[in-house]
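Next comes run_12.cif, a file with mmCIF, C-alpha atoms.
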data_input
#
loop_
_atom_site.group_PDB
_atom_site.id
_atom_site.type_symbol
_atom_site.label_atom_id
_atom_site.label_comp_id
_atom_site.auth_asym_id
_atom_site.auth_seq_id
_atom_site.Cartn_x
_atom_site.Cartn_y
_atom_site.Cartn_z
ATOM 1 C CA MET Y 1 105.549 169.977 85.975
ATOM 2 C CA GLU Y 2 106.371 173.650 85.619
ATOM 3 C CA SER Y 3 109.326 175.864 86.450
ATOM 4 C CA ALA Y 4 109.992 177.089 90.003
ATOM 5 C CA TYR Y 5 111.882 179.890 91.667
ATOM 6 C CA ALA Y 6 114.860 178.978 93.828
ATOM 7 C CA VAL Y 7 116.076 181.568 96.336
ATOM 8 C CA ASP Y 8 119.233 181.458 98.456
ATOM 9 C CA LEU Y 9 119.008 183.858 101.396
ATOM 10 C CA GLY Y 10 122.704 184.262 102.108
ATOM 11 C CA GLY Y 11 124.298 186.259 104.868
ATOM 12 C CA THR Y 12 126.218 188.267 102.240
ATOM 13 C CA ASN Y 13 124.181 187.910 99.024
ATOM 14 C CA LEU Y 14 120.636 187.026 98.000
ATOM 15 C CA ARG Y 15 120.491 184.848 94.899
ATOM 16 C CA ALA Y 16 117.511 183.710 92.857
ATOM 17 C CA ALA Y 17 117.023 181.461 89.865
ATOM 18 C CA LEU Y 18 114.211 180.349 87.626
ATOM 19 C CA VAL Y 19 114.638 176.577 87.352
ATOM 20 C CA ALA Y 20 113.141 174.170 84.796
ATOM 21 C CA PRO Y 21 111.554 170.904 85.997
ATOM 22 C CA GLY Y 22 114.717 168.880 85.220
ATOM 23 C CA GLY Y 23 116.909 171.170 87.333
ATOM 24 C CA ARG Y 24 118.283 173.328 84.513
ATOM 25 C CA VAL Y 25 118.749 176.970 85.532
ATOM 26 C CA LEU Y 26 116.959 179.214 83.051
ATOM 27 C CA GLU Y 27 117.739 182.632 84.563
ATOM 28 C CA ARG Y 28 119.690 183.991 87.559
ATOM 29 C CA SER Y 29 119.809 187.198 89.549
ATOM 30 C CA GLU Y 30 121.516 188.374 92.732
ATOM 31 C CA MET Y 31 121.999 191.357 95.024
ATOM 32 C CA PRO Y 32 123.722 192.097 98.330
ATOM 33 C CA THR Y 33 121.738 191.032 101.394
ATOM 34 C CA PRO Y 34 120.204 194.088 103.085
ATOM 35 C CA CYS Y 35 121.677 194.602 106.524
ATOM 36 C CA PRO Y 36 119.835 194.462 108.816
ATOM 37 C CA CYS Y 37 117.499 192.099 106.961
ATOM 38 C CA SER Y 38 113.970 192.819 108.228
ATOM 39 C CA GLU Y 39 110.892 190.974 106.943
ATOM 40 C CA GLY Y 40 110.031 193.959 104.742
ATOM 41 C CA ASP Y 41 113.567 194.210 103.342
ATOM 42 C CA LEU Y 42 113.578 190.485 102.644
ATOM 43 C CA LEU Y 43 110.267 190.511 100.780
ATOM 44 C CA PHE Y 44 111.148 193.628 98.775
ATOM 45 C CA SER Y 45 114.513 192.117 97.777
ATOM 46 C CA VAL Y 46 113.131 188.713 96.790
ATOM 47 C CA LYS Y 47 110.295 190.307 94.811
ATOM 48 C CA SER Y 48 112.876 192.499 93.037
ATOM 49 C CA LEU Y 49 115.036 189.486 92.174
ATOM 50 C CA ILE Y 50 112.254 187.357 90.715
ATOM 51 C CA ALA Y 51 110.687 190.319 88.889
ATOM 52 C CA GLN Y 52 113.819 190.381 86.696
ATOM 53 C CA PHE Y 53 112.958 186.975 85.200
ATOM 54 C CA HIS Y 54 111.191 186.664 81.874
ATOM 55 C CA GLY Y 55 109.523 183.400 82.904
ATOM 56 C CA GLN Y 56 106.937 182.908 85.656
ATOM 57 C CA ALA Y 57 106.531 180.268 88.364
ATOM 58 C CA LYS Y 58 103.895 179.360 90.928
ATOM 59 C CA ARG Y 59 106.288 177.658 93.360
ATOM 60 C CA ILE Y 60 109.325 178.852 95.269
ATOM 61 C CA GLY Y 61 112.035 177.028 97.206
ATOM 62 C CA VAL Y 62 113.883 179.116 99.782
ATOM 63 C CA GLY Y 63 117.259 178.198 101.334
ATOM 64 C CA VAL Y 64 117.875 179.834 104.721
ATOM 65 C CA PRO Y 65 121.270 179.927 106.484
ATOM 66 C CA GLY Y 66 120.044 178.841 109.889
ATOM 67 C CA LEU Y 67 118.082 176.383 111.952
ATOM 68 C CA VAL Y 68 114.865 175.650 110.076
ATOM 69 C CA ARG Y 69 112.094 173.566 111.598
ATOM 70 C CA PRO Y 70 110.041 171.314 109.344
ATOM 71 C CA GLY Y 71 107.289 173.494 107.863
ATOM 72 C CA GLY Y 72 109.443 176.576 107.290
ATOM 73 C CA GLN Y 73 109.760 178.135 110.755
ATOM 74 C CA VAL Y 74 113.252 179.607 111.194
ATOM 75 C CA GLU Y 75 114.362 179.085 114.773
ATOM 76 C CA VAL Y 76 117.483 181.193 114.339
ATOM 77 C CA ALA Y 77 119.472 182.538 111.372
ATOM 78 C CA PRO Y 78 122.459 184.238 113.068
ATOM 79 C CA ASN Y 79 123.955 185.812 109.945
ATOM 80 C CA LEU Y 80 120.593 187.408 109.068
ATOM 81 C CA GLY Y 81 119.740 188.427 112.629
ATOM 82 C CA TRP Y 82 116.531 186.370 112.712
ATOM 83 C CA ARG Y 83 114.915 184.487 115.570
ATOM 84 C CA GLN Y 84 111.527 182.791 115.390
ATOM 85 C CA LEU Y 85 110.493 183.853 111.888
ATOM 86 C CA ASP Y 86 107.901 181.855 109.929
ATOM 87 C CA VAL Y 87 109.418 182.349 106.490
ATOM 88 C CA ALA Y 88 107.061 179.866 104.789
ATOM 89 C CA SER Y 89 103.895 181.685 105.928
ATOM 90 C CA LEU Y 90 105.422 185.082 105.146
ATOM 91 C CA PHE Y 91 106.246 184.080 101.555
ATOM 92 C CA GLN Y 92 102.915 182.289 101.007
ATOM 93 C CA ARG Y 93 100.968 185.309 102.197
ATOM 94 C CA GLU Y 94 102.976 187.920 100.285
ATOM 95 C CA LEU Y 95 103.808 186.036 97.080
ATOM 96 C CA ASP Y 96 100.683 183.883 96.778
ATOM 97 C CA MET Y 97 102.552 180.760 95.679
ATOM 98 C CA SER Y 98 103.495 177.343 96.997
ATOM 99 C CA VAL Y 99 106.547 177.674 99.288
ATOM 100 C CA LEU Y 100 109.163 175.217 100.527
ATOM 101 C CA VAL Y 101 111.708 176.497 103.071
ATOM 102 C CA GLU Y 102 114.833 174.496 103.892
ATOM 103 C CA ASN Y 103 118.206 175.032 105.498
ATOM 104 C CA ASP Y 104 120.542 176.266 102.738
ATOM 105 C CA ALA Y 105 123.144 173.523 103.259
ATOM 106 C CA ASN Y 106 120.411 170.865 103.090
ATOM 107 C CA ALA Y 107 119.129 172.429 99.860
ATOM 108 C CA ALA Y 108 122.674 172.431 98.435
ATOM 109 C CA ALA Y 109 123.188 168.793 99.458
ATOM 110 C CA TRP Y 110 119.933 167.737 97.798
ATOM 111 C CA GLY Y 111 120.825 169.656 94.616
ATOM 112 C CA GLU Y 112 124.259 168.022 94.455
ATOM 113 C CA PHE Y 113 122.714 164.614 95.132
ATOM 114 C CA ARG Y 114 120.140 165.008 92.360
ATOM 115 C CA PHE Y 115 122.051 166.957 89.717
ATOM 116 C CA GLY Y 116 125.704 167.475 90.715
ATOM 117 C CA ALA Y 117 128.717 165.847 92.337
ATOM 118 C CA GLY Y 118 126.594 163.398 94.355
ATOM 119 C CA ALA Y 119 124.488 162.143 91.436
ATOM 120 C CA GLY Y 120 124.485 158.358 91.446
ATOM 121 C CA SER Y 121 125.555 158.060 95.074
ATOM 122 C CA TRP Y 122 123.406 156.658 97.860
ATOM 123 C CA ASN Y 123 124.971 158.543 100.805
ATOM 124 C CA MET Y 124 126.799 161.867 100.838
ATOM 125 C CA ALA Y 125 127.694 164.928 102.866
ATOM 126 C CA CYS Y 126 127.891 168.434 101.406
ATOM 127 C CA VAL Y 127 129.834 171.033 103.409
ATOM 128 C CA THR Y 128 129.029 174.649 102.578
ATOM 129 C CA LEU Y 129 131.493 177.451 103.276
ATOM 130 C CA GLY Y 130 130.199 180.980 102.842
ATOM 131 C CA THR Y 131 129.369 183.724 105.296
ATOM 132 C CA GLY Y 132 128.768 180.817 107.690
ATOM 133 C CA VAL Y 133 129.463 177.074 107.698
ATOM 134 C CA GLY Y 134 126.889 174.351 107.108
ATOM 135 C CA MET Y 135 126.507 170.745 106.093
ATOM 136 C CA GLY Y 136 123.695 168.785 104.483
ATOM 137 C CA LEU Y 137 123.415 165.002 104.611
ATOM 138 C CA VAL Y 138 121.833 162.542 102.210
ATOM 139 C CA LEU Y 139 121.552 159.056 103.701
ATOM 140 C CA ARG Y 140 120.104 156.073 101.839
ATOM 141 C CA GLY Y 141 118.912 158.381 99.083
ATOM 142 C CA ARG Y 142 116.960 160.726 101.374
ATOM 143 C CA LEU Y 143 117.754 164.138 102.816
ATOM 144 C CA TYR Y 144 118.533 163.552 106.482
ATOM 145 C CA THR Y 145 117.597 166.454 108.752
ATOM 146 C CA GLY Y 146 117.250 164.711 112.106
ATOM 147 C CA SER Y 147 114.341 164.850 114.536
ATOM 148 C CA ARG Y 148 114.393 168.658 114.873
ATOM 149 C CA GLY Y 149 115.527 169.482 111.353
ATOM 150 C CA TRP Y 150 119.043 170.501 112.370
ATOM 151 C CA ALA Y 151 121.248 167.493 111.572
ATOM 152 C CA GLY Y 152 124.552 168.462 109.984
ATOM 153 C CA GLU Y 153 124.617 171.976 111.468
ATOM 154 C CA ILE Y 154 128.412 171.892 111.965
ATOM 155 C CA GLY Y 155 128.929 175.664 111.903
ATOM 156 C CA HIS Y 156 127.897 175.860 115.544
ATOM 157 C CA THR Y 157 130.053 172.986 116.753
ATOM 158 C CA GLY Y 158 132.280 174.167 119.589
ATOM 159 C CA VAL Y 159 135.978 174.603 118.805
ATOM 160 C CA TYR Y 160 138.832 176.289 120.630
ATOM 161 C CA SER Y 161 138.088 179.950 120.028
ATOM 162 C CA ASP Y 162 137.179 182.931 122.170
ATOM 163 C CA ARG Y 163 135.352 184.657 119.308
ATOM 164 C CA MET Y 164 131.654 185.476 119.722
ATOM 165 C CA CYS Y 165 129.370 183.898 117.128
ATOM 166 C CA GLY Y 166 126.250 185.476 115.668
ATOM 167 C CA CYS Y 167 124.236 182.741 117.399
ATOM 168 C CA GLY Y 168 125.222 184.187 120.800
ATOM 169 C CA ARG Y 169 127.698 181.466 121.782
ATOM 170 C CA THR Y 170 131.461 181.686 121.954
ATOM 171 C CA GLY Y 171 133.751 179.351 120.041
ATOM 172 C CA CYS Y 172 131.605 178.057 117.171
ATOM 173 C CA LEU Y 173 133.405 176.622 114.134
ATOM 174 C CA GLU Y 174 131.952 179.509 112.090
ATOM 175 C CA THR Y 175 134.021 181.960 114.134
ATOM 176 C CA VAL Y 176 137.197 180.355 112.803
ATOM 177 C CA VAL Y 177 136.399 179.367 109.191
ATOM 178 C CA GLY Y 178 133.216 181.278 108.216
ATOM 179 C CA GLY Y 179 133.645 183.941 105.550
ATOM 180 C CA ALA Y 180 132.337 186.762 107.758
ATOM 181 C CA TYR Y 181 134.910 186.024 110.445
ATOM 182 C CA ILE Y 182 137.787 185.463 108.027
ATOM 183 C CA ARG Y 183 137.148 188.908 106.490
ATOM 184 C CA ARG Y 184 137.071 190.523 109.948
ATOM 185 C CA HIS Y 185 140.047 188.737 111.455
#
Just dump the structure as structure tokens.
Amino acid sequence: MESAYAVDLGGTNLRAALVAPGGRVLERSEMPTPCPCSEGDLLFSVKSLIAQFHGQAKRIGVGVPGLVRPGGQVEVAPNLGWRQLDVASLFQRELDMSVLVENDANAAAWGEFRFGAGAGSWNMACVTLGTGVGMGLVLRGRLYTGSRGWAGEIGHTGVYSDRMCGCGRTGCLETVVGGAYIRRH
């Protein structure tokens, strides 16, 4: 098995790593997320990040802060301003490599389960606090995403708040504890 690129498309920062087959990070790079983050901006930024690496890969895993359908279609990524974007096809076409797209909290949960704080456990939850709020679940040793791929999406759980969320609803948990809202309020 060969190395792969790992990319975290954050609402505040874009991060990339070149990762060895056993999970060891070989190189890292990051930059602020372009705002607004159009398809062209996204591709230019990701290409710039991975071009900094000395090693090469033919596969890429992409973590997206939003609702991701199985197969890599992003239903909505509020902190990036995306709706209905097929990130997997976009990356495959432009980067000519094998692509896996997953919700960023699910990707974090799986990483912690395999190589971090959850190693050796059978069930775990990983809550992510950044620009937004997410949660990934590993149940019985498998990533649990639910029937639509959105299990654990706690950032858009309704709480008592009159603040407007990037998803278009009022009163999401993200509007109270997400990094973007904490900075603003």
With distances taken over all atoms listed in the file, which of Y:Phe44, Y:Ser89, Y:Gly132, Y:Ile50 is nearest to Gly71 (chain Y)?
Y:Ser89
Measuring atom to atom with all atoms listed in the file, identify which of Y:Leu42, Y:Cys172, Y:Met1, Y:Cys35 is nearest to Gly23 (chain Y).
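Checking each of Y:Leu42, Y:Cys172, Y:Met1, Y:Cys35 against Gly23 (chain Y), counting all atoms listed in the file, the winner is Y:Met1.
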Can you tell me which residues surround Gln84 (chain Y) at a distance of at most 7 Å, considering all atoms listed in the file, apart from same-chain residues fewer than 4 positions away, and format the answer as a PyMOL selection string?
chain Y and resi 73-76
Name the residues captured by the PyMOL selection byres ((chain Y and resi 125) around 9) when it is applied to the shown file; answer as an NGL selection string.
:Y and (109 or 118 or 123-124 or 126-127 or 135-139 or 152)
Show me, as an MDAnalysis selection string, the residues that have an atom within 12 Å of Arg184 (chain Y) when counting only C-alpha atoms, minus same-chain residues fewer than 5 positions from it.
chainID Y and resid 131 163 175:179
Give as a ChimeraX atom specification every residue, naming chains and numbers as the document does, that has an atom within 12 Å of (123.0, 173.1, 105.0), counting all atoms listed in the file.
/Y:8,10,63-68,77,101-112,125-130,132-138,143-145,149-156
Write the residues of the preceding selection, restricted to C-alpha atoms, as a compact mmCIF listing (two decimals), in the coordinates of the input.
# COMPACT_ATOMS: atom_id res chain seq x y z
CA ASP Y 8 119.23 181.46 98.46
CA GLY Y 10 122.70 184.26 102.11
CA GLY Y 63 117.26 178.20 101.33
CA VAL Y 64 117.88 179.83 104.72
CA PRO Y 65 121.27 179.93 106.48
CA GLY Y 66 120.04 178.84 109.89
CA LEU Y 67 118.08 176.38 111.95
CA VAL Y 68 114.86 175.65 110.08
CA ALA Y 77 119.47 182.54 111.37
CA VAL Y 101 111.71 176.50 103.07
CA GLU Y 102 114.83 174.50 103.89
CA ASN Y 103 118.21 175.03 105.50
CA ASP Y 104 120.54 176.27 102.74
CA ALA Y 105 123.14 173.52 103.26
CA ASN Y 106 120.41 170.86 103.09
CA ALA Y 107 119.13 172.43 99.86
CA ALA Y 108 122.67 172.43 98.44
CA ALA Y 109 123.19 168.79 99.46
CA TRP Y 110 119.93 167.74 97.80
CA GLY Y 111 120.82 169.66 94.62
CA GLU Y 112 124.26 168.02 94.46
CA ALA Y 125 127.69 164.93 102.87
CA CYS Y 126 127.89 168.43 101.41
CA VAL Y 127 129.83 171.03 103.41
CA THR Y 128 129.03 174.65 102.58
CA LEU Y 129 131.49 177.45 103.28
CA GLY Y 130 130.20 180.98 102.84
CA GLY Y 132 128.77 180.82 107.69
CA VAL Y 133 129.46 177.07 107.70
CA GLY Y 134 126.89 174.35 107.11
CA MET Y 135 126.51 170.74 106.09
CA GLY Y 136 123.70 168.78 104.48
CA LEU Y 137 123.42 165.00 104.61
CA VAL Y 138 121.83 162.54 102.21
CA LEU Y 143 117.75 164.14 102.82
CA TYR Y 144 118.53 163.55 106.48
CA THR Y 145 117.60 166.45 108.75
CA GLY Y 149 115.53 169.48 111.35
CA TRP Y 150 119.04 170.50 112.37
CA ALA Y 151 121.25 167.49 111.57
CA GLY Y 152 124.55 168.46 109.98
CA GLU Y 153 124.62 171.98 111.47
CA ILE Y 154 128.41 171.89 111.96
CA GLY Y 155 128.93 175.66 111.90
CA HIS Y 156 127.90 175.86 115.54
For Arg59 (chain Y), which of Y:Leu100, Y:Ala88, Y:Ala119, Y:Cys165 is the closest residue, counting only C-alpha atoms?
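Among Y:Leu100, Y:Ala88, Y:Ala119, Y:Cys165, it is Y:Leu100 that comes nearest to Arg59 (chain Y).
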Considering all atoms listed in the file, state which residue in the set Y:Leu43, Y:Gly22, Y:Asn13, Y:Pro36 is at the smallest distance from Trp82 (chain Y).
Y:Pro36
Smallest atom-to-atom distance to Gly72 (chain Y): which of Y:Val46, Y:Ile182, Y:Val99, Y:Ile60, using only C-alpha atoms?
Y:Val99
Give me, please, the distance in Å between CA of Met164 (chain Y) and CA of Arg69 (chain Y), quoted to one decimal.
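Between CA of Met164 (chain Y) and CA of Arg69 (chain Y) the gap works out to 24.3 Å.
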Atomic distance CA of Thr170 (chain Y) - CA of Val62 (chain Y), expressed in Å with one decimal
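It comes out at 28.4 Å.
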Would you mind telling me which residue in Y:Gly55, Y:Gly158, Y:Pro34, Y:Gly40 lies nearest to Leu80 (chain Y) when using all atoms listed in the file?
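The shortest atom-to-atom distance to Leu80 (chain Y) comes from Y:Pro34.
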List the residues matched by the PyMOL selection byres ((chain Y and resi 56) around 12) in the displayed structure as a ChimeraX atom specification, ordered by chain and then by residue number.
/Y:2-5,17-20,26-27,50-55,57-60,97
Please report the interatomic distance between CA of Val159 (chain Y) and CA of Asn79 (chain Y) in Å with one decimal.
18.7 Å
Write out as a list in words which residues come within 8 Å of Thr33 (chain Y) when counting only C-alpha atoms, dropping same-chain ones fewer than 4 positions away.
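The contact residues come out as Leu9, Gly10, Gly11, Thr12, Asn13, Leu14 and Cys37 of chain Y.
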Please determine an axis-aligned box that encloses all atoms of region 151-167 of chain Y listed in the file, with 5 Å added on each side, and express its centre and edge lengths in Å to one decimal as JSON.
{"center_x": 130.0, "center_y": 176.5, "center_z": 116.1, "size_x": 27.6, "size_y": 28.0, "size_z": 22.2}
So that I can see what lies close to Leu49 (chain Y), please list as a PyMOL selection string the residues with an atom at most 7 Å from it, counting only C-alpha atoms and leaving out residues fewer than 6 positions away in the same chain.
chain Y and resi 16+29-30
